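Peer 1: File follows, upload36.cif with mmCIF, C-alpha atoms:
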```cif
data_protein
#
loop_
_atom_site.label_atom_id
_atom_site.label_comp_id
_atom_site.auth_asym_id
_atom_site.auth_seq_id
_atom_site.Cartn_x
_atom_site.Cartn_y
_atom_site.Cartn_z
CA MET A 1 -38.87 -21.40 -9.01
CA VAL A 2 -41.68 -20.20 -6.73
CA HIS A 3 -40.84 -18.09 -3.68
CA ALA A 4 -42.83 -18.29 -0.48
CA ALA A 5 -42.74 -14.50 -0.43
CA SER A 6 -44.94 -14.40 -3.52
CA TRP A 7 -47.69 -16.27 -1.66
CA ASP A 8 -47.77 -14.61 1.76
CA HIS A 9 -47.41 -11.01 0.47
CA PRO A 10 -45.09 -9.70 3.17
CA GLU A 11 -44.85 -6.04 3.96
CA PRO A 12 -42.02 -4.80 1.71
CA LEU A 13 -39.14 -2.80 3.10
CA ALA A 14 -39.93 0.90 2.99
CA VAL A 15 -37.86 2.75 0.40
CA GLU A 16 -37.16 5.54 2.88
CA SER A 17 -35.70 3.04 5.37
CA ALA A 18 -32.62 2.47 3.20
CA PRO A 19 -29.49 4.07 4.73
CA VAL A 20 -28.71 6.66 2.05
CA PRO A 21 -25.01 7.60 1.63
CA GLU A 22 -23.74 10.82 3.24
CA TYR A 23 -23.66 12.85 0.04
CA GLY A 24 -22.48 16.39 0.63
CA SER A 25 -20.79 15.83 3.97
CA GLY A 26 -19.15 12.42 4.23
CA SER A 27 -19.06 10.45 0.97
CA LEU A 28 -16.32 9.55 -1.48
CA ALA A 29 -17.60 12.30 -3.79
CA ASP A 30 -16.75 14.86 -1.09
CA LEU A 31 -13.12 13.87 -0.56
CA LEU A 32 -11.17 15.42 -3.44
CA PRO A 33 -13.18 18.67 -3.47
CA THR A 34 -12.35 19.07 0.22
CA LEU A 35 -8.64 18.47 -0.36
CA ALA A 36 -8.54 20.75 -3.41
CA ALA A 37 -10.41 23.52 -1.59
CA GLY A 38 -7.72 23.38 1.09
CA MET A 39 -5.21 24.23 -1.65
CA GLY A 40 -7.30 27.12 -2.92
CA VAL A 41 -8.52 25.48 -6.12
CA PRO A 42 -11.38 27.51 -7.67
CA GLY A 43 -14.64 25.65 -8.18
CA THR A 44 -14.13 23.34 -5.19
CA ALA A 45 -15.54 23.48 -1.69
CA ALA A 46 -14.64 21.79 1.59
CA ALA A 47 -17.48 19.32 2.03
CA ILE A 48 -16.05 17.03 4.76
CA PRO A 49 -15.76 19.45 7.69
CA GLU A 50 -13.57 17.16 9.80
CA LEU A 51 -10.60 17.37 7.40
CA ALA A 52 -7.93 20.04 7.87
CA ALA A 53 -6.23 21.62 4.86
CA ALA A 54 -2.81 20.47 3.67
CA ASP A 55 -0.44 21.79 1.00
CA ARG A 56 0.14 18.29 -0.29
CA ALA A 57 -2.44 15.53 -0.28
CA CYS A 58 -2.38 11.91 -1.39
CA VAL A 59 -5.34 9.57 -1.73
CA PHE A 60 -4.47 5.87 -1.69
CA LEU A 61 -7.57 3.94 -2.75
CA ILE A 62 -7.53 0.23 -1.93
CA ASP A 63 -10.17 -1.51 -4.01
CA GLY A 64 -12.52 -3.53 -1.83
CA LEU A 65 -11.26 -2.55 1.65
CA GLY A 66 -14.42 -1.84 3.61
CA TRP A 67 -14.44 -0.31 7.08
CA GLU A 68 -15.95 -3.40 8.68
CA GLN A 69 -13.44 -5.75 7.03
CA LEU A 70 -10.53 -3.62 8.23
CA ARG A 71 -11.84 -3.47 11.79
CA ALA A 72 -12.33 -7.24 11.77
CA HIS A 73 -8.71 -8.00 10.77
CA PRO A 74 -6.32 -6.04 13.02
CA ASP A 75 -3.76 -8.86 13.06
CA GLU A 76 -3.44 -8.89 9.27
CA ALA A 77 -3.35 -5.08 9.00
CA PRO A 78 -1.61 -3.81 12.14
CA PHE A 79 -0.47 -0.51 10.63
CA MET A 80 -3.87 0.45 9.24
CA ALA A 81 -5.57 -0.80 12.42
CA SER A 82 -3.36 1.61 14.36
CA LEU A 83 -4.79 4.42 12.21
CA LEU A 84 -8.48 3.62 12.76
CA ALA A 85 -8.83 6.43 15.28
CA SER A 86 -7.46 8.87 12.69
CA SER A 87 -10.28 8.14 10.25
CA ARG A 88 -12.35 11.09 9.05
CA GLY A 89 -10.33 13.79 10.72
CA ALA A 90 -9.61 11.88 13.96
CA THR A 91 -13.29 11.22 14.65
CA GLY A 92 -12.69 7.50 14.28
CA ARG A 93 -15.61 7.29 11.86
CA PRO A 94 -15.89 6.00 8.29
CA ILE A 95 -17.29 7.74 5.23
CA THR A 96 -19.74 6.25 2.74
CA ALA A 97 -19.04 5.03 -0.77
CA GLY A 98 -22.23 6.12 -2.55
CA TYR A 99 -24.89 4.05 -4.28
CA PRO A 100 -24.26 1.65 -5.76
CA ALA A 101 -21.13 0.68 -3.84
CA THR A 102 -19.25 -0.55 -6.88
CA THR A 103 -15.92 0.31 -8.47
CA ALA A 104 -16.89 2.24 -11.60
CA THR A 105 -19.40 4.36 -9.71
CA SER A 106 -17.08 5.01 -6.79
CA LEU A 107 -14.02 5.89 -8.89
CA ALA A 108 -16.13 8.36 -10.85
CA SER A 109 -17.38 9.86 -7.59
CA VAL A 110 -13.83 10.19 -6.29
CA GLY A 111 -12.39 11.74 -9.42
CA THR A 112 -15.21 14.10 -10.34
CA GLY A 113 -16.24 15.05 -6.84
CA LEU A 114 -19.83 14.42 -7.89
CA PRO A 115 -22.46 11.88 -6.78
CA PRO A 116 -23.63 9.22 -9.26
CA GLY A 117 -26.73 11.12 -10.31
CA ALA A 118 -24.50 13.87 -11.68
CA HIS A 119 -21.44 12.06 -13.05
CA GLY A 120 -23.70 9.49 -14.67
CA LEU A 121 -22.10 6.14 -13.82
CA PRO A 122 -24.94 4.84 -11.63
CA GLY A 123 -24.14 1.14 -11.76
CA TYR A 124 -21.95 -1.72 -12.88
CA THR A 125 -24.09 -2.16 -16.00
CA VAL A 126 -26.77 0.32 -17.02
CA ARG A 127 -28.92 0.93 -20.07
CA ASN A 128 -27.64 3.39 -22.64
CA PRO A 129 -30.81 5.34 -23.54
CA ALA A 130 -29.37 6.21 -26.95
CA THR A 131 -28.97 2.57 -28.02
CA GLY A 132 -31.18 0.58 -25.65
CA GLU A 133 -28.22 -1.69 -24.85
CA LEU A 134 -26.70 -2.54 -21.51
CA MET A 135 -23.35 -0.81 -21.03
CA ASN A 136 -20.67 -2.17 -18.70
CA GLN A 137 -19.24 1.00 -17.16
CA LEU A 138 -16.20 -0.72 -15.68
CA ARG A 139 -15.06 -2.25 -18.98
CA TRP A 140 -16.78 0.42 -21.11
CA GLN A 141 -18.46 -2.11 -23.38
CA PRO A 142 -20.05 -1.46 -25.77
CA TYR A 143 -18.07 1.70 -26.35
CA SER A 144 -19.70 5.10 -25.94
CA ASP A 145 -18.06 8.53 -26.23
CA PRO A 146 -16.56 9.12 -22.75
CA VAL A 147 -16.93 12.90 -22.83
CA ALA A 148 -20.59 12.69 -23.79
CA TRP A 149 -21.18 10.06 -21.12
CA GLN A 150 -19.45 12.06 -18.36
CA PRO A 151 -18.94 15.71 -19.39
CA TYR A 152 -17.78 17.25 -16.10
CA PRO A 153 -14.11 18.09 -15.43
CA THR A 154 -12.33 16.00 -12.82
CA VAL A 155 -11.00 17.54 -9.63
CA PHE A 156 -7.51 16.68 -10.87
CA GLN A 157 -8.15 18.82 -13.95
CA LEU A 158 -9.42 21.72 -11.86
CA ALA A 159 -6.38 21.42 -9.58
CA SER A 160 -3.93 21.25 -12.48
CA ASP A 161 -5.55 24.30 -14.07
CA ALA A 162 -5.03 26.14 -10.79
CA GLY A 163 -1.33 25.36 -10.70
CA VAL A 164 -1.45 22.39 -8.34
CA HIS A 165 0.78 19.46 -9.29
CA ALA A 166 -1.75 16.70 -10.01
CA ALA A 167 -0.73 13.10 -10.65
CA GLN A 168 -2.15 9.58 -10.74
CA VAL A 169 0.09 6.59 -10.04
CA SER A 170 -1.51 3.28 -10.97
CA SER A 171 -1.17 0.20 -13.14
CA PRO A 172 -0.05 0.99 -16.70
CA ALA A 173 -3.07 -1.02 -17.92
CA PHE A 174 -5.40 1.75 -16.74
CA GLN A 175 -3.66 4.68 -18.43
CA ASN A 176 -5.78 4.95 -21.57
CA THR A 177 -9.07 3.38 -20.49
CA PRO A 178 -12.32 5.33 -20.94
CA LEU A 179 -13.05 4.98 -17.21
CA THR A 180 -9.74 6.66 -16.38
CA LYS A 181 -10.52 9.40 -18.88
CA VAL A 182 -13.92 10.23 -17.39
CA ALA A 183 -13.01 9.72 -13.73
CA LEU A 184 -9.32 10.18 -13.06
CA SER A 185 -7.77 12.29 -15.83
CA GLY A 186 -6.11 15.66 -15.32
CA GLY A 187 -2.49 16.28 -14.48
CA THR A 188 -0.17 13.40 -15.35
CA PHE A 189 -0.73 9.63 -15.28
CA HIS A 190 2.28 7.51 -14.24
CA GLY A 191 2.09 3.76 -14.78
CA ARG A 192 3.97 1.59 -12.29
CA LEU A 193 3.64 -2.19 -12.16
CA THR A 194 4.25 -3.14 -8.54
CA GLY A 195 2.69 -1.82 -5.39
CA GLU A 196 6.07 -0.86 -4.02
CA GLU A 197 6.89 1.14 -7.14
CA ARG A 198 3.60 2.98 -6.86
CA MET A 199 4.18 3.91 -3.23
CA ASP A 200 7.70 5.17 -3.92
CA PHE A 201 6.69 7.17 -6.97
CA ALA A 202 3.63 8.63 -5.26
CA ALA A 203 5.93 9.97 -2.55
CA GLU A 204 8.19 11.48 -5.22
CA GLN A 205 5.22 13.15 -6.88
CA LEU A 206 4.10 14.65 -3.59
CA ALA A 207 7.54 16.19 -3.13
CA ALA A 208 7.63 17.56 -6.69
CA ALA A 209 5.80 20.82 -5.88
CA ASP A 210 4.72 23.03 -3.00
CA ARG A 211 1.10 22.12 -3.74
CA ALA A 212 0.42 18.58 -4.90
CA LEU A 213 -2.62 16.31 -5.30
CA VAL A 214 -1.67 12.67 -5.89
CA TYR A 215 -3.81 9.56 -6.31
CA THR A 216 -2.66 5.96 -6.20
CA TYR A 217 -4.54 2.68 -6.36
CA TYR A 218 -4.32 -1.03 -5.60
CA ALA A 219 -6.82 -3.54 -7.06
CA GLU A 220 -5.79 -7.04 -6.05
CA LEU A 221 -7.47 -7.13 -2.64
CA ASP A 222 -10.82 -6.76 -4.40
CA GLY A 223 -9.95 -9.51 -6.87
CA ALA A 224 -9.09 -11.90 -4.06
CA GLY A 225 -12.37 -11.12 -2.33
CA HIS A 226 -14.47 -11.73 -5.42
CA ARG A 227 -12.76 -14.99 -6.25
CA TYR A 228 -12.14 -16.49 -2.82
CA GLY A 229 -14.14 -14.38 -0.35
CA VAL A 230 -13.17 -12.08 2.48
CA ALA A 231 -12.95 -15.07 4.82
CA SER A 232 -10.20 -16.67 2.71
CA ASP A 233 -6.49 -17.01 3.37
CA THR A 234 -5.83 -15.43 -0.04
CA TRP A 235 -7.77 -12.30 0.90
CA ARG A 236 -6.05 -12.04 4.26
CA GLY A 237 -2.68 -12.42 2.56
CA GLN A 238 -3.54 -9.54 0.25
CA LEU A 239 -4.58 -7.44 3.24
CA MET A 240 -1.22 -8.10 4.90
CA TYR A 241 0.56 -6.99 1.75
CA VAL A 242 -1.46 -3.82 1.28
CA ASP A 243 -0.92 -2.92 4.94
CA ARG A 244 2.81 -2.94 4.28
CA LEU A 245 2.27 -0.73 1.23
CA VAL A 246 0.40 1.85 3.29
CA GLN A 247 3.19 1.91 5.86
CA ARG A 248 5.81 2.20 3.11
CA LEU A 249 4.09 5.26 1.67
CA ALA A 250 3.42 6.82 5.07
CA GLU A 251 7.11 6.61 5.99
CA GLN A 252 8.11 8.54 2.84
CA LEU A 253 5.74 11.49 3.02
CA PRO A 254 7.37 14.86 2.39
CA PRO A 255 6.64 17.72 4.80
CA ARG A 256 3.17 19.33 4.94
CA THR A 257 1.47 16.24 3.50
CA ALA A 258 -1.79 14.53 4.38
CA LEU A 259 -2.18 10.91 3.27
CA TYR A 260 -5.71 9.52 3.11
CA VAL A 261 -6.29 5.77 2.79
CA THR A 262 -9.76 4.88 1.61
CA ALA A 263 -11.67 2.40 -0.55
CA ASP A 264 -14.40 2.23 -3.16
CA HIS A 265 -16.62 -0.26 -1.31
CA GLY A 266 -16.63 -3.09 1.20
CA MET A 267 -17.55 -6.69 0.48
CA ILE A 268 -19.69 -9.54 1.76
CA ASP A 269 -19.43 -13.30 1.14
CA ILE A 270 -22.69 -14.88 -0.03
CA PRO A 271 -23.33 -18.63 0.41
CA PHE A 272 -23.86 -20.79 -2.67
CA ASP A 273 -27.43 -22.01 -2.24
CA GLU A 274 -30.85 -21.14 -3.64
CA GLN A 275 -31.86 -19.34 -0.46
CA HIS A 276 -29.06 -16.80 -0.80
CA ARG A 277 -28.63 -16.75 -4.59
CA ILE A 278 -31.85 -16.14 -6.50
CA ASP A 279 -31.29 -16.93 -10.17
CA PHE A 280 -33.10 -14.47 -12.43
CA ASP A 281 -32.47 -16.70 -15.44
CA GLU A 282 -34.49 -19.49 -13.84
CA ASP A 283 -37.22 -17.39 -12.25
CA TRP A 284 -40.30 -16.76 -14.39
CA GLU A 285 -41.81 -14.35 -11.85
CA LEU A 286 -38.85 -11.98 -11.84
CA GLN A 287 -38.46 -12.22 -15.62
CA ALA A 288 -42.04 -11.21 -16.38
CA GLY A 289 -42.16 -7.88 -18.20
CA VAL A 290 -38.40 -7.35 -17.97
CA THR A 291 -36.43 -6.50 -21.09
CA LEU A 292 -32.97 -5.88 -19.54
CA LEU A 293 -31.36 -6.82 -16.22
CA GLY A 294 -28.59 -4.41 -15.23
CA GLY A 295 -26.47 -3.59 -12.22
CA GLU A 296 -25.08 -6.49 -10.19
CA GLY A 297 -26.29 -9.07 -7.73
CA ARG A 298 -26.81 -6.76 -4.76
CA ALA A 299 -27.70 -3.60 -6.68
CA ARG A 300 -29.98 -4.29 -9.63
CA HIS A 301 -31.27 -1.98 -12.33
CA VAL A 302 -34.37 -3.57 -13.87
CA TYR A 303 -35.62 -2.26 -17.23
CA ALA A 304 -39.22 -3.07 -18.07
CA LEU A 305 -41.07 -3.44 -21.31
CA PRO A 306 -42.99 -0.24 -22.13
CA GLY A 307 -46.17 -0.20 -20.11
CA ALA A 308 -45.04 -2.99 -17.75
CA GLU A 309 -43.15 -0.80 -15.28
CA ASN A 310 -45.75 -0.90 -12.50
CA ASP A 311 -46.32 -4.64 -12.88
CA VAL A 312 -42.59 -5.32 -12.64
CA LEU A 313 -42.31 -3.11 -9.57
CA THR A 314 -45.23 -4.87 -7.90
CA CYS A 315 -43.86 -8.33 -8.67
CA TRP A 316 -40.33 -7.57 -7.51
CA ARG A 317 -41.68 -6.10 -4.28
CA GLU A 318 -43.85 -9.14 -3.64
CA VAL A 319 -41.07 -11.62 -4.35
CA LEU A 320 -38.10 -9.77 -2.84
CA GLY A 321 -39.52 -7.03 -0.65
CA GLU A 322 -38.46 -8.52 2.68
CA GLN A 323 -34.84 -8.87 1.55
CA PHE A 324 -34.34 -5.95 -0.83
CA TRP A 325 -35.26 -2.30 -0.84
CA VAL A 326 -37.25 -2.24 -4.10
CA ALA A 327 -38.03 1.18 -5.57
CA SER A 328 -39.26 2.67 -8.79
CA ARG A 329 -36.79 4.93 -10.57
CA ASP A 330 -38.55 8.04 -9.34
CA GLU A 331 -38.78 6.71 -5.77
CA ALA A 332 -35.07 5.91 -5.67
CA ILE A 333 -34.23 9.36 -7.04
CA ALA A 334 -36.56 11.10 -4.60
CA ALA A 335 -35.04 9.15 -1.70
CA GLY A 336 -31.59 10.43 -2.69
CA TRP A 337 -30.03 7.06 -3.49
CA PHE A 338 -27.98 8.55 -6.34
CA GLY A 339 -27.38 11.93 -4.73
CA PRO A 340 -29.41 15.10 -4.24
CA HIS A 341 -29.99 15.56 -7.98
CA VAL A 342 -30.05 13.36 -11.08
CA ASP A 343 -29.06 15.00 -14.36
CA GLU A 344 -31.47 14.63 -17.27
CA ARG A 345 -28.92 12.67 -19.32
CA VAL A 346 -28.58 10.17 -16.43
CA TYR A 347 -32.29 9.64 -15.75
CA GLY A 348 -32.82 6.95 -18.38
CA ARG A 349 -29.72 5.03 -17.33
CA ILE A 350 -31.33 4.20 -13.99
CA GLY A 351 -33.60 1.15 -13.93
CA ASP A 352 -37.36 1.42 -14.07
CA VAL A 353 -37.05 -0.63 -10.89
CA VAL A 354 -34.03 -0.45 -8.57
CA ALA A 355 -33.40 -3.27 -6.10
CA ALA A 356 -30.83 -2.92 -3.30
CA ALA A 357 -30.11 -5.88 -1.03
CA ARG A 358 -30.56 -5.57 2.73
CA ASP A 359 -30.02 -9.24 3.61
CA ASP A 360 -27.21 -11.64 2.68
CA VAL A 361 -28.68 -12.42 -0.72
CA LEU A 362 -27.96 -11.95 -4.43
CA ILE A 363 -29.98 -11.83 -7.61
CA ILE A 364 -27.64 -13.71 -9.92
CA ALA A 365 -28.10 -14.40 -13.63
CA SER A 366 -26.36 -17.69 -14.29
CA GLU A 367 -26.75 -17.58 -18.07
CA ARG A 368 -26.39 -13.85 -18.74
CA GLU A 369 -23.63 -13.28 -16.17
CA PRO A 370 -21.82 -16.58 -15.53
CA LYS A 371 -18.60 -15.04 -14.18
CA GLU A 372 -20.30 -12.54 -11.89
CA SER A 373 -22.72 -15.21 -10.68
CA ALA A 374 -19.83 -17.39 -9.55
CA MET A 375 -18.20 -14.77 -7.33
CA VAL A 376 -17.83 -15.51 -3.61
CA GLY A 377 -17.46 -11.92 -2.41
CA ASN A 378 -19.98 -9.33 -3.59
CA HIS A 379 -20.93 -5.70 -3.04
CA GLY A 380 -23.13 -2.92 -4.36
CA SER A 381 -25.86 -2.15 -1.85
CA MET A 382 -26.26 0.27 1.06
CA THR A 383 -25.59 -2.05 4.00
CA PRO A 384 -22.74 -1.00 6.32
CA VAL A 385 -20.49 -3.89 5.26
CA GLU A 386 -20.59 -2.63 1.64
CA GLN A 387 -21.13 1.08 2.08
CA LEU A 388 -18.76 2.15 4.86
CA VAL A 389 -15.14 2.79 3.89
CA PRO A 390 -12.21 4.11 5.92
CA LEU A 391 -10.61 7.52 5.60
CA LEU A 392 -7.39 6.85 7.48
CA GLU A 393 -5.08 9.82 7.84
CA VAL A 394 -1.33 10.24 8.22
CA ARG A 395 0.22 13.72 8.38
CA SER A 396 3.81 14.80 8.09
#
```
Do you think you could lay out the structure here as structure tokens?
Peer 2:
Amino acid sequence: MVHAASWDHPEPLAVESAPVPEYGSGSLADLLPTLAAGMGVPGTAAAIPELAAADRACVFLIDGLGWEQLRAHPDEAPFMASLLASSRGATGRPITAGYPATTATSLASVGTGLPPGAHGLPGYTVRNPATGELMNQLRWQPYSDPVAWQPYPTVFQLASDAGVHAAQVSSPAFQNTPLTKVALSGGTFHGRLTGEERMDFAAEQLAAADRALVYTYYAELDGAGHRYGVASDTWRGQLMYVDRLVQRLAEQLPPRTALYVTADHGMIDIPFDEQHRIDFDEDWELQAGVTLLGGEGRARHVYALPGAENDVLTCWREVLGEQFWVASRDEAIAAGWFGPHVDERVYGRIGDVVAAARDDVLIIASEREPKESAMVGNHGSMTPVEQLVPLLEVRS
């Protein structure tokens, strides 16, 4: 496949024009440290200045519920829509997920209180420098030692060590996963199957101590979006259900509690045609000099053959530069895409070339990634529809 962009050499998007997440003042990585600091937990600091301290705090993370999707569906989510003005300490503003806006990265940012460049989960799939293989950080395949991969303590662990009652209430399937270990461990994990059970038990855990930090999670909205799209009846039905869950939890809060409803990323539906879905597996230009294709459709890590890094960067910019922010590893790091600092152990996990979508377009890989390439709803990049997430607040 030959792209017109490769012939007319358009001016590529400037790396510095990408809307970098609000690390340090208004990102997912700043949430738990702010809540823990309000409880006096050593080693934490209040990074989101709009949030007031509370003795008890609960974070309900709804996978895939972006700020723009919530604002666009007030009829399906009347309770959460009524809370939009409460977001981010009653400023009525969202926070940012972090780059890339994808589940494994965002959950690690939430749980560790660190940006991706520090916690070291900088993508859906990234290269393991020790083996040279692509590692799926959501499914943790192939397996790598979790503690070596992400050595920092979670905020839950810091809180528990300081005498705060820390608890996670989620699906039993997540209890012993490596991702839970590196991102959400500390305190006690409680597996509950249904959403209603999770809401009820989260409220019980909040009431179990004078100081409590509780996390709960719901995944199915994201699944509906990937499979059917955020314009689908199935997705809207899931949004209606999760709205009732939020209200159920809010009505059970014990005294002196702050409930925060947030998400790991938003989502965008991408049409199924060659204009919007560029297939790496059928594109000789994009394949040239590339040894591994990581990340996901809207947030790619591209690993080049030794010595071919500059050629790959030049080609990807020429082919995709009007639709993607295309940066070298060092340019993306310098621009702050992964946070203010990238740890040495994380440096080689980031692609030699990093490509983040600005337009409604994907780089799929129909042979390497058949399931991911067939998804309707997608996410990962720094556009508002993917990056902005709510921080709705209810206080008792």
Peer 1: Report the residues retrieved by the PyMOL selection byres ((chain A and resi 24) around 12) from the displayed file, expressed as a ChimeraX atom specification.
Peer 2: /A:20-23,25-31,33-34,45-49,95-98,109,113-115,336,338-341
Peer 1: Identify, on the basis of all atoms listed in the file, every residue whose closest approach to stretch 159-163 of chain A does not exceed 12 Å; exclude the query and any residue fewer than 5 positions from it along the same chain; express the result as JSON, numbers by chain.
Peer 2: {"A": [32, 33, 34, 35, 36, 37, 38, 39, 40, 41, 42, 43, 44, 56, 57, 111, 112, 153, 154, 168, 185, 186, 187, 188, 209, 210, 211, 212, 213, 214]}
Peer 1: Given the file shown, determine the residues that the PyMOL selection byres ((chain A and resi 238) around 12) selects; report them as an NGL selection string.
Peer 2: :A and (62-65 or 73 or 76-77 or 195 or 218-225 or 228-237 or 239-245)
Peer 1: How would the residues just chosen look if you wrote them out with C-alpha atoms as a compact mmCIF listing (two decimals), in the frame of the given file?
Peer 2:
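Resulting contents of again_21.txt:
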```txt
# COMPACT_ATOMS: atom_id res chain seq x y z
CA ILE A 62 -7.53 0.23 -1.93
CA ASP A 63 -10.17 -1.51 -4.01
CA GLY A 64 -12.52 -3.53 -1.83
CA LEU A 65 -11.26 -2.55 1.65
CA HIS A 73 -8.71 -8.00 10.77
CA GLU A 76 -3.44 -8.89 9.27
CA ALA A 77 -3.35 -5.08 9.00
CA GLY A 195 2.69 -1.82 -5.39
CA TYR A 218 -4.32 -1.03 -5.60
CA ALA A 219 -6.82 -3.54 -7.06
CA GLU A 220 -5.79 -7.04 -6.05
CA LEU A 221 -7.47 -7.13 -2.64
CA ASP A 222 -10.82 -6.76 -4.40
CA GLY A 223 -9.95 -9.51 -6.87
CA ALA A 224 -9.09 -11.90 -4.06
CA GLY A 225 -12.37 -11.12 -2.33
CA TYR A 228 -12.14 -16.49 -2.82
CA GLY A 229 -14.14 -14.38 -0.35
CA VAL A 230 -13.17 -12.08 2.48
CA ALA A 231 -12.95 -15.07 4.82
CA SER A 232 -10.20 -16.67 2.71
CA ASP A 233 -6.49 -17.01 3.37
CA THR A 234 -5.83 -15.43 -0.04
CA TRP A 235 -7.77 -12.30 0.90
CA ARG A 236 -6.05 -12.04 4.26
CA GLY A 237 -2.68 -12.42 2.56
CA LEU A 239 -4.58 -7.44 3.24
CA MET A 240 -1.22 -8.10 4.90
CA TYR A 241 0.56 -6.99 1.75
CA VAL A 242 -1.46 -3.82 1.28
CA ASP A 243 -0.92 -2.92 4.94
CA ARG A 244 2.81 -2.94 4.28
CA LEU A 245 2.27 -0.73 1.23
```
Peer 1: Under the rule that all atoms listed in the file are counted, which of A:Arg368, A:Arg139, A:His301, A:Arg127 is the nearest residue to A:Arg329?
Peer 2: A:His301
Peer 1: My list of candidates is A:His226, A:His190, A:Arg198, A:Arg298. Which is closest to A:Ala356 when distances are computed with all atoms listed in the file?
Peer 2: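 Using all atoms listed in the file, the shortest distance to A:Ala356 belongs to A:Arg298.
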Peer 1: Could you tell me which of A:Phe272, A:Trp325, A:Phe79, A:Trp140 comes closest to A:Ala299 if we count all atoms listed in the file?
Peer 2: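 For A:Ala299, the nearest of the candidates is A:Trp325.
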Peer 1: If you count only C-alpha atoms, which residues fall within 8 Å of A:Pro390, apart from same-chain ones fewer than 6 positions away, as a list in words?
Peer 2: Leu65, Gly66, Trp67, Leu84, Ser87, Arg88, Arg93, Pro94, Ile95, Val261, Thr262 and Ala263 of chain A
Peer 1: One number please: atom CA of A:Thr216 to atom CA of A:Ala374, in Å, one decimal.
Peer 2: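 One can read the atom CA of A:Thr216 to atom CA of A:Ala374 distance as 29.2 Å.
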Peer 1: Starting from the PyMOL selection byres ((chain A and resi 273-287) around 9), expand the selection into actual residues of this file and give them as JSON, numbers by chain.
Peer 2: {"A": [1, 2, 6, 270, 271, 272, 288, 289, 290, 291, 293, 297, 312, 315, 316, 319, 359, 360, 361, 362, 363, 364, 365, 366, 367, 368, 373]}
Peer 1: Restrict the selected residues to C-alpha atoms and save them as a PDB file, keeping the file's coordinate frame.
Peer 2:
```pdb
ATOM      1  CA  MET A   1     -38.870 -21.400  -9.010  1.00  0.00           C
ATOM      2  CA  VAL A   2     -41.680 -20.200  -6.730  1.00  0.00           C
ATOM      3  CA  SER A   6     -44.940 -14.400  -3.520  1.00  0.00           C
ATOM      4  CA  ILE A 270     -22.690 -14.880  -0.030  1.00  0.00           C
ATOM      5  CA  PRO A 271     -23.330 -18.630   0.410  1.00  0.00           C
ATOM      6  CA  PHE A 272     -23.860 -20.790  -2.670  1.00  0.00           C
ATOM      7  CA  ALA A 288     -42.040 -11.210 -16.380  1.00  0.00           C
ATOM      8  CA  GLY A 289     -42.160  -7.880 -18.200  1.00  0.00           C
ATOM      9  CA  VAL A 290     -38.400  -7.350 -17.970  1.00  0.00           C
ATOM     10  CA  THR A 291     -36.430  -6.500 -21.090  1.00  0.00           C
ATOM     11  CA  LEU A 293     -31.360  -6.820 -16.220  1.00  0.00           C
ATOM     12  CA  GLY A 297     -26.290  -9.070  -7.730  1.00  0.00           C
ATOM     13  CA  VAL A 312     -42.590  -5.320 -12.640  1.00  0.00           C
ATOM     14  CA  CYS A 315     -43.860  -8.330  -8.670  1.00  0.00           C
ATOM     15  CA  TRP A 316     -40.330  -7.570  -7.510  1.00  0.00           C
ATOM     16  CA  VAL A 319     -41.070 -11.620  -4.350  1.00  0.00           C
ATOM     17  CA  ASP A 359     -30.020  -9.240   3.610  1.00  0.00           C
ATOM     18  CA  ASP A 360     -27.210 -11.640   2.680  1.00  0.00           C
ATOM     19  CA  VAL A 361     -28.680 -12.420  -0.720  1.00  0.00           C
ATOM     20  CA  LEU A 362     -27.960 -11.950  -4.430  1.00  0.00           C
ATOM     21  CA  ILE A 363     -29.980 -11.830  -7.610  1.00  0.00           C
ATOM     22  CA  ILE A 364     -27.640 -13.710  -9.920  1.00  0.00           C
ATOM     23  CA  ALA A 365     -28.100 -14.400 -13.630  1.00  0.00           C
ATOM     24  CA  SER A 366     -26.360 -17.690 -14.290  1.00  0.00           C
ATOM     25  CA  GLU A 367     -26.750 -17.580 -18.070  1.00  0.00           C
ATOM     26  CA  ARG A 368     -26.390 -13.850 -18.740  1.00  0.00           C
ATOM     27  CA  SER A 373     -22.720 -15.210 -10.680  1.00  0.00           C
TER      28      SER A 373
END
```
Peer 1: Find the residue from A:Leu13, A:Leu184, A:Val246, A:Ala335 that sits nearest to A:Leu392; use all atoms listed in the file when measuring.
Peer 2: A:Val246
Peer 1: So the first atom is atom CA of A:Met135 and the second is atom CA of A:Arg349; what is the distance between them in Å, to one decimal place?
Peer 2: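 We find that atom CA of A:Met135 and atom CA of A:Arg349 lie 9.4 Å from each other.
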Peer 1: Please report the interatomic distance between atom CA of A:Gly377 and atom CA of A:Glu68 in Å with one decimal.
Peer 2: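 It comes out at 14.1 Å.
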Peer 1: With all atoms listed in the file as the basis for distance, which of A:Leu305, A:Leu292, A:Val376, A:Val182 is at the shortest distance from A:Asp269?
Peer 2: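 Closest residue, counting all atoms listed in the file: A:Val376.
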Peer 1: Return as AutoDock Vina command-line options the box centre and box size in Å, one decimal, for an axis-aligned box around all listed atoms of stretch 141-155 of chain A padded by 5 Å per side.
Peer 2:
```
--center_x -16.1 --center_y 8.0 --center_z -18.0 --size_x 20.2 --size_y 30.2 --size_z 26.7
```
Peer 1: Between A:Gly191, A:Pro100, A:Pro178, A:Gly294, which has the minimum distance to A:Leu388 (counting all atoms listed in the file)?
Peer 2: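 Looking only at the distances to A:Leu388, the closest residue turns out to be A:Pro100.
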Peer 1: If we count all atoms listed in the file, what is near A:Glu393 at a cut-off of 8 Å, once residues fewer than 3 positions away on the same chain are taken out, given as a PyMOL selection string?
Peer 2: chain A and resi 83+86-90+258-261
